[in-house]
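As provided, model_4.txt (compact mmCIF, C-alpha atoms) reads as follows.
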# COMPACT_ATOMS: atom_id res chain seq x y z
CA TYR A 526 17.59 -24.59 214.53
CA PHE A 527 15.07 -25.08 211.75
CA GLY A 528 13.16 -22.63 209.62
CA ILE A 529 14.61 -19.33 208.41
CA GLU A 530 17.54 -19.53 210.86
CA THR A 531 18.89 -22.50 208.92
CA ILE A 532 19.41 -20.16 205.94
CA THR A 533 20.50 -17.05 207.83
CA ARG A 534 23.01 -19.04 209.89
CA THR A 535 24.65 -20.45 206.75
CA PHE A 536 25.07 -17.05 205.10
CA ALA A 537 26.10 -15.44 208.40
CA VAL A 538 28.88 -18.02 208.78
CA LEU A 539 30.04 -17.33 205.21
CA GLY A 540 29.96 -13.59 205.87
CA ARG A 541 32.00 -13.99 209.06
CA LEU A 542 34.54 -16.20 207.29
CA THR A 543 34.89 -13.52 204.63
CA LEU A 544 35.50 -10.83 207.24
CA LEU A 545 38.14 -13.04 208.87
CA VAL A 546 40.04 -13.17 205.58
CA ILE A 547 39.84 -9.48 204.61
CA ASN A 548 39.54 -7.77 208.02
CA PRO A 549 42.83 -6.48 209.53
CA GLN A 550 41.55 -6.87 213.12
CA GLY A 551 43.33 -9.17 215.57
CA ARG A 552 42.47 -12.84 215.85
CA HIS A 553 40.38 -14.40 218.61
CA PHE A 554 39.40 -17.74 220.12
CA PHE A 555 35.62 -17.19 219.91
CA TYR A 556 33.83 -15.29 217.16
CA PRO A 557 30.22 -14.12 217.56
CA VAL A 558 28.05 -14.96 214.56
CA MET A 559 24.41 -15.26 215.65
CA VAL A 560 24.47 -11.93 217.49
CA GLU A 561 21.42 -9.84 216.72
CA SER A 562 23.20 -6.49 216.41
CA TYR A 563 24.98 -7.30 213.16
CA ILE A 564 23.84 -10.75 211.98
CA TYR A 565 22.00 -9.28 208.99
CA THR A 566 25.18 -7.52 207.87
CA LEU A 567 26.95 -10.90 207.90
CA VAL A 568 24.04 -12.45 205.96
CA VAL A 569 24.28 -9.72 203.29
CA ILE A 570 28.05 -10.26 202.98
CA GLY A 571 27.47 -14.01 202.66
CA VAL A 572 24.89 -13.51 199.90
CA CYS A 573 27.28 -11.17 198.07
CA ILE A 574 30.02 -13.83 198.22
CA LEU A 575 27.61 -16.42 196.78
CA ILE A 576 26.70 -14.04 193.93
CA SER A 577 30.41 -13.33 193.33
CA ALA A 578 31.16 -17.06 193.12
CA ILE A 579 28.36 -17.55 190.60
CA PHE A 580 29.76 -14.62 188.62
CA GLY A 581 33.21 -16.22 188.89
CA ALA A 582 31.86 -19.48 187.45
CA PHE A 583 30.35 -17.48 184.59
CA LEU A 584 33.74 -15.85 183.91
CA ILE A 585 35.42 -19.26 183.83
CA TRP A 586 32.77 -20.55 181.43
CA ARG A 587 33.22 -17.56 179.10
CA LYS A 588 37.00 -17.46 179.35
CA ARG A 589 39.57 -18.77 181.76
CA TYR A 590 39.80 -15.71 183.98
CA LEU A 591 42.03 -16.13 187.02
CA GLU A 592 39.80 -13.76 188.99
CA GLY A 593 36.72 -15.90 188.38
CA CYS A 594 38.60 -19.01 189.49
CA ALA A 595 39.67 -17.33 192.75
CA LEU A 596 36.10 -16.23 193.55
CA LEU A 597 34.72 -19.71 192.98
CA ILE A 598 37.49 -21.52 194.88
CA PHE A 599 37.00 -19.28 197.92
CA LEU A 600 33.35 -20.32 198.20
CA LEU A 601 34.19 -24.00 197.69
CA LEU A 602 36.84 -23.91 200.46
CA CYS A 603 34.35 -22.26 202.85
CA LEU A 604 31.59 -24.72 201.97
CA PRO A 605 32.43 -27.43 204.57
CA TYR A 606 32.12 -24.90 207.44
CA MET A 607 28.87 -23.19 206.44
CA GLN A 608 26.66 -25.48 208.57
CA LEU A 609 24.83 -26.88 205.52
CA MET A 610 25.20 -30.14 207.40
CA PRO A 611 25.19 -28.83 210.99
CA PHE A 612 28.05 -29.92 213.22
CA SER A 613 28.88 -29.08 216.82
CA THR A 614 31.62 -26.51 217.41
CA PHE A 615 32.44 -24.23 220.35
CA SER A 616 32.57 -21.30 217.91
CA LEU A 617 30.66 -21.24 214.61
CA VAL A 618 33.69 -19.60 213.01
CA GLN A 619 37.33 -20.34 213.79
CA ASP A 620 40.67 -19.18 212.42
CA ARG A 621 41.56 -22.61 211.08
CA TYR A 622 38.46 -22.61 208.86
CA VAL A 623 40.06 -19.95 206.63
CA SER A 624 43.63 -21.28 206.68
CA LEU A 625 43.16 -22.55 203.11
CA ALA A 626 40.42 -20.16 201.96
CA VAL A 627 42.72 -17.17 202.42
CA TRP A 628 44.88 -18.23 199.46
CA PRO A 629 42.36 -17.66 196.63
CA VAL A 630 41.63 -14.23 198.16
CA ILE A 631 45.34 -13.37 198.06
CA LEU A 632 45.44 -14.70 194.49
CA LEU A 633 42.52 -12.44 193.56
CA ILE A 634 44.19 -9.39 195.14
CA VAL A 635 47.46 -10.06 193.32
CA ALA A 636 45.69 -10.67 190.00
CA LEU A 637 43.77 -7.39 190.29
CA SER A 638 46.74 -5.36 191.51
CA TRP A 639 48.94 -6.60 188.65
CA ARG A 640 46.97 -4.33 186.32
CA LEU A 641 48.36 -1.28 188.13
CA ASN A 642 51.74 0.35 187.59
CA PRO A 643 54.60 -1.30 189.55
CA LEU A 644 55.03 1.46 192.17
CA PHE A 645 51.34 1.72 193.03
CA ARG A 646 50.98 -2.06 192.94
CA THR A 647 53.86 -2.53 195.40
CA LEU A 648 52.37 0.08 197.72
CA ILE A 649 48.94 -1.60 197.70
CA LEU A 650 50.40 -5.06 198.37
CA CYS A 651 52.54 -3.74 201.23
CA ILE A 652 49.51 -2.09 202.82
CA ILE A 653 47.64 -5.41 202.61
CA ALA A 654 50.62 -7.40 203.90
CA PHE A 655 51.21 -5.20 206.96
CA PRO A 656 48.09 -6.25 208.97
CA CYS A 657 48.80 -9.90 208.10
CA ILE A 658 52.32 -9.55 209.50
CA TYR A 659 50.95 -7.77 212.57
CA GLN A 660 48.43 -10.58 213.19
CA THR A 661 51.22 -13.14 212.95
CA ILE A 662 53.27 -11.28 215.56
CA GLU A 663 50.31 -10.45 217.81
CA ARG A 664 48.58 -13.84 217.95
CA PRO A 665 51.23 -15.86 219.88
CA ARG A 666 50.99 -13.45 222.83
CA ASP A 667 47.52 -14.84 223.58
CA TRP A 668 48.85 -18.40 223.78
CA SER A 669 50.47 -17.88 227.19
CA ASP A 670 47.48 -19.52 228.92
CA ASN A 671 43.74 -20.12 228.55
CA GLU A 672 42.80 -17.24 230.83
CA THR A 673 44.62 -14.79 228.56
CA PHE A 674 42.64 -16.21 225.64
CA LEU A 675 39.34 -15.65 227.42
CA ASN A 676 40.17 -12.23 228.84
CA ARG A 677 41.01 -10.89 225.40
CA ASP A 678 37.81 -12.24 223.88
CA VAL A 679 35.63 -11.01 226.77
CA TYR A 680 37.22 -7.57 226.42
CA THR A 681 36.66 -7.48 222.65
CA TYR A 682 33.19 -9.09 222.63
CA PRO A 683 31.65 -8.38 226.07
CA GLU A 684 28.17 -8.97 224.63
CA TYR A 685 28.98 -12.50 223.42
CA TYR A 686 27.89 -15.23 225.85
CA ARG A 687 30.45 -17.92 225.02
CA PRO A 688 33.70 -16.37 226.31
CA ALA A 689 31.75 -14.81 229.21
CA TYR A 690 30.41 -18.25 230.17
CA GLU A 691 33.87 -19.81 230.09
CA LYS A 692 35.40 -17.01 232.16
CA ILE A 693 32.63 -17.08 234.77
CA ILE A 694 32.66 -20.86 235.19
CA LEU A 695 36.40 -21.48 235.04
CA TYR A 696 37.88 -18.45 236.77
CA LEU A 697 35.52 -15.95 238.41
CA LEU A 698 33.26 -18.23 240.46
CA PRO A 699 36.03 -20.51 241.77
CA ARG A 700 37.90 -17.39 242.93
CA GLU A 701 34.75 -15.93 244.51
CA LEU A 702 34.93 -12.79 242.37
CA TRP A 703 31.19 -12.21 242.64
CA ARG A 704 30.98 -8.60 241.46
CA GLU A 705 33.13 -9.21 238.38
CA ALA A 706 31.16 -12.39 237.58
CA SER A 707 27.87 -10.51 237.86
CA GLU A 708 29.11 -7.65 235.64
CA THR A 709 30.39 -10.10 233.03
CA ALA A 710 27.04 -11.92 232.96
CA ASN A 711 24.99 -8.71 232.76
CA ALA A 712 26.98 -7.47 229.75
CA ILE A 713 25.74 -10.36 227.56
CA SER A 714 23.35 -9.22 224.82
CA THR A 715 21.39 -12.48 224.38
CA PRO A 716 18.59 -12.34 227.00
CA GLU A 717 18.37 -16.11 227.58
CA ALA A 718 22.10 -16.53 228.14
CA ARG A 719 22.27 -13.37 230.26
CA ASN A 720 19.45 -14.53 232.55
CA VAL A 721 20.85 -18.05 232.96
CA LEU A 722 24.37 -16.88 233.80
CA SER A 723 23.10 -14.15 236.14
CA GLN A 724 20.99 -16.72 238.01
CA LEU A 725 23.96 -19.08 238.10
CA VAL A 726 26.11 -16.40 239.75
CA GLU A 727 23.36 -15.62 242.30
CA THR A 728 22.85 -19.32 243.03
CA THR A 729 26.56 -19.84 243.60
CA ILE A 730 26.67 -16.84 245.94
CA GLY A 731 23.76 -18.36 247.88
CA GLU A 732 25.52 -21.70 248.14
CA MET A 733 28.71 -20.09 249.45
CA SER A 734 26.67 -18.08 251.95
CA ALA A 735 24.92 -21.26 253.15
CA THR A 736 28.27 -22.96 253.59
CA LYS A 737 29.52 -20.13 255.78
CA ASN A 738 26.44 -19.51 257.98
CA GLY A 739 25.10 -23.08 258.06
CA ASP A 740 21.60 -22.10 256.85
CA PRO A 741 20.75 -23.84 253.54
CA LYS A 742 17.22 -22.44 253.08
CA ASP A 743 18.17 -19.48 250.88
CA ALA A 744 20.52 -21.60 248.78
CA ILE A 745 17.85 -24.28 248.24
CA LYS A 746 15.34 -21.62 247.21
CA ARG A 747 17.79 -20.16 244.70
CA LEU A 748 18.52 -23.63 243.28
CA GLN A 749 14.79 -24.33 242.89
CA ASN A 750 14.26 -21.01 241.12
CA PHE A 751 17.27 -21.71 238.91
CA GLY A 752 15.77 -25.06 237.91
Let me see the structure of the file written as structure tokens.
Amino acid sequence: YFGIETITRTFAVLGRLTLLVINPQGRHFFYPVMVESYIYTLVVIGVCILISAIFGAFLIWRKRYLEGCALLIFLLLCLPYMQLMPFSTFSLVQDRYVSLAVWPVILLIVALSWRLNPLFRTLILCIIAFPCIYQTIERPRDWSDNETFLNRDVYTYPEYYRPAYEKIILYLLPRELWREASETANAISTPEARNVLSQLVETTIGEMSATKNGDPKDAIKRLQNFG
């Protein structure tokens, strides 16, 4: 995309990467970024991270503050994935993109918490560590097979077209689960993707019907309408 989306996409990606690092929610295979309902929230978070990194550079210039270094390094480690030079990826944001960027955030948390008294500091760090431990235990359960991956993402993000598309194409249509395929397609929030997948399901149903009754007219008409 060109125009304003080039800018909003970059900051939205940065905002989503930030949420991946600090959010205690479970991990997924696909992450929605360009979803209209909360894209501007992600953009605002991304802009705040950019401002924080600039502030961090200022702190380093004034004095060698560890906190300023952590803020700046986080932005630099996210930089290759912010679509400044667009690259193709099945999900604009992935877990592996923050595998290194999480460390300066942890460094920042530890540096800030070290100003507190030992008991309160230990309590804060344990509270932060608990969701990380939970994610580590929870994540391997999704690796049993690809369908488990997709089902979890479709359940968590029913409005996001990417996991819905994969589930419809790979599992629902081949198994002739028409009603479930139609419901999955209709739950998508992006109108273009919703219409295309809904028509795809209807076209497939028409093709299967033509195969069974030997009359291809309806199936051909659906294919022509589908384009």
**Prompt:** Between A:Pro549, A:Gly581, A:Pro629, A:Gly540, which one has atoms that come closest to Leu617 in chain A, using only C-alpha atoms?
**Reply:** A:Gly540
**Prompt:** Quick one: residues within 7 Å of Asp678 in chain A, only C-alpha atoms counted, chain neighbours fewer than 3 positions away excluded, as a PyMOL selection string?
**Reply:** chain A and resi 553-555+674-675+681-682+688
**Message:** From the options A:Ile658, A:Leu695, A:Ile649, A:Val568, which residue's atoms come nearest to Ile634 in chain A, counting only C-alpha atoms?
**Reply:** A:Ile649
**Prompt:** Of the candidates A:Asp620, A:Glu592, A:Glu530, A:Glu684, which shows the shortest atom-to-atom distance to Val560 in chain A, using only C-alpha atoms?
**Reply:**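 Smallest separation from Val560 in chain A among the options: A:Glu684.
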**Asked** Restricting the calculation to only C-alpha atoms, which member of A:Tyr556, A:Val627, A:Ser562, A:Leu601 is positioned closest to Thr614 in chain A?
**Response** A:Tyr556
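Comparing A:Phe580, A:Tyr590, A:Trp639, A:Phe536 by their smallest distance to Val618 in chain A, the closest is A:Phe536 (using all atoms listed in the file).
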**Message:** Taking 5 positions as the minimum chain separation for residues in the same chain, which residues sit within 7 Å of Tyr685 in chain A when counting only C-alpha atoms? Answer as an MDAnalysis selection string.
**Reply:** chainID A and resid 557 713:714
**Request:** Go through A:Gly752, A:Arg704, A:Leu725, A:Gly551 one by one, measure the shortest atom-to-atom distance of each to Pro665 in chain A using all atoms listed in the file, and give the residue with the smallest value.
**Result:**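 Comparing A:Gly752, A:Arg704, A:Leu725, A:Gly551 against Pro665 in chain A, the winner is A:Gly551.
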**Message:** Residues near Pro683 in chain A, anyone? I mean within 8 Å using all atoms listed in the file, not counting same-chain ones fewer than 3 positions away, as a ChimeraX atom specification.
**Reply:** /A:678-680,686,689,709,712-713
**Request:** Calculate how many Å separate CA of Leu625 in chain A from CA of Leu637 in chain A, rounding to one decimal.
**Result:**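 Here the two named atoms are 19.9 Å from each other.
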**Request:** Provide the CA of Leu597 in chain A to CA of Tyr659 in chain A distance in Å, to one decimal place.
**Result:**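 CA of Leu597 in chain A sits 28.1 Å away from CA of Tyr659 in chain A.
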Calculate, to one decimal in Å, the centre and edge lengths of the box along x, y and z of the file that holds all listed atoms of range 638-648 of chain A with 5 Å of margin on each side, and present them as lines of an AutoDock Vina configuration file.
center_x = 50.9
center_y = -2.4
center_z = 192.0
size_x = 18.3
size_y = 18.3
size_z = 21.4
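Around the coordinate (48.0, -9.9, 194.1), residues that reach within 12 Å when counting all atoms listed in the file are A:Leu591, A:Glu592, A:Ala595, A:Trp628, A:Pro629, A:Val630, A:Ile631, A:Leu632, A:Leu633, A:Ile634, A:Val635, A:Ala636, A:Leu637, A:Ser638, A:Trp639, A:Arg640, A:Leu641, A:Pro643, A:Arg646, A:Thr647, A:Leu648, A:Ile649, A:Leu650, A:Cys651, A:Ile652, A:Ile653, A:Ala654.
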**Request:** Work out how far apart CA of Glu663 in chain A and CA of Leu542 in chain A are and give it in Å to one decimal.
**Result:** 19.8 Å
Output range 604-623 of chain A with N, CA, C and O atoms present, as a compact mmCIF listing (two decimals), in the coordinates of the input.
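Once written, rebuild-v3.txt looks like this:
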# COMPACT_ATOMS: atom_id res chain seq x y z
N LEU A 604 32.80 -23.90 201.99
CA LEU A 604 31.59 -24.72 201.97
C LEU A 604 31.49 -25.72 203.13
O LEU A 604 30.43 -25.85 203.75
N PRO A 605 32.57 -26.43 203.49
CA PRO A 605 32.43 -27.43 204.57
C PRO A 605 32.09 -26.83 205.94
O PRO A 605 31.64 -27.55 206.82
N TYR A 606 32.31 -25.53 206.12
CA TYR A 606 32.12 -24.90 207.44
C TYR A 606 30.87 -24.04 207.52
O TYR A 606 30.67 -23.35 208.51
N MET A 607 30.03 -24.08 206.51
CA MET A 607 28.87 -23.19 206.44
C MET A 607 27.61 -23.77 207.09
O MET A 607 26.52 -23.24 206.91
N GLN A 608 27.76 -24.88 207.83
CA GLN A 608 26.66 -25.48 208.57
C GLN A 608 25.52 -25.96 207.66
O GLN A 608 24.36 -26.03 208.07
N LEU A 609 25.84 -26.27 206.40
CA LEU A 609 24.83 -26.88 205.52
C LEU A 609 24.44 -28.24 206.08
O LEU A 609 23.27 -28.63 206.04
N MET A 610 25.44 -28.95 206.59
CA MET A 610 25.20 -30.14 207.40
C MET A 610 25.69 -29.79 208.80
O MET A 610 26.90 -29.83 209.07
N PRO A 611 24.79 -29.39 209.70
CA PRO A 611 25.19 -28.83 210.99
C PRO A 611 26.10 -29.75 211.79
O PRO A 611 25.89 -30.96 211.85
N PHE A 612 27.14 -29.19 212.36
CA PHE A 612 28.05 -29.92 213.22
C PHE A 612 28.32 -29.08 214.47
O PHE A 612 28.21 -27.86 214.45
N SER A 613 28.67 -29.76 215.54
CA SER A 613 28.88 -29.08 216.82
C SER A 613 30.27 -28.46 216.86
O SER A 613 31.27 -29.10 216.50
N THR A 614 30.34 -27.21 217.28
CA THR A 614 31.62 -26.51 217.41
C THR A 614 31.47 -25.44 218.48
O THR A 614 30.41 -24.84 218.61
N PHE A 615 32.54 -25.20 219.27
CA PHE A 615 32.44 -24.23 220.35
C PHE A 615 32.32 -22.81 219.82
O PHE A 615 31.88 -21.90 220.52
N SER A 616 32.73 -22.58 218.57
CA SER A 616 32.57 -21.30 217.91
C SER A 616 32.21 -21.57 216.45
O SER A 616 32.90 -22.33 215.78
N LEU A 617 31.11 -20.97 215.97
CA LEU A 617 30.66 -21.24 214.61
C LEU A 617 31.73 -20.92 213.57
O LEU A 617 31.75 -21.50 212.49
N VAL A 618 32.60 -19.98 213.91
CA VAL A 618 33.69 -19.60 213.01
C VAL A 618 34.99 -19.68 213.79
O VAL A 618 35.06 -19.22 214.93
N GLN A 619 36.02 -20.26 213.16
CA GLN A 619 37.33 -20.34 213.79
C GLN A 619 38.40 -19.97 212.78
O GLN A 619 38.19 -20.06 211.57
N ASP A 620 39.57 -19.57 213.30
CA ASP A 620 40.67 -19.18 212.42
C ASP A 620 41.04 -20.28 211.43
O ASP A 620 41.30 -20.02 210.25
N ARG A 621 41.07 -21.51 211.93
CA ARG A 621 41.56 -22.61 211.08
C ARG A 621 40.64 -22.88 209.90
O ARG A 621 41.05 -23.50 208.93
N TYR A 622 39.38 -22.41 209.97
CA TYR A 622 38.46 -22.61 208.86
C TYR A 622 38.89 -21.83 207.61
O TYR A 622 38.49 -22.19 206.49
N VAL A 623 39.65 -20.76 207.79
CA VAL A 623 40.06 -19.95 206.63
C VAL A 623 41.54 -20.12 206.30
O VAL A 623 42.09 -19.36 205.51
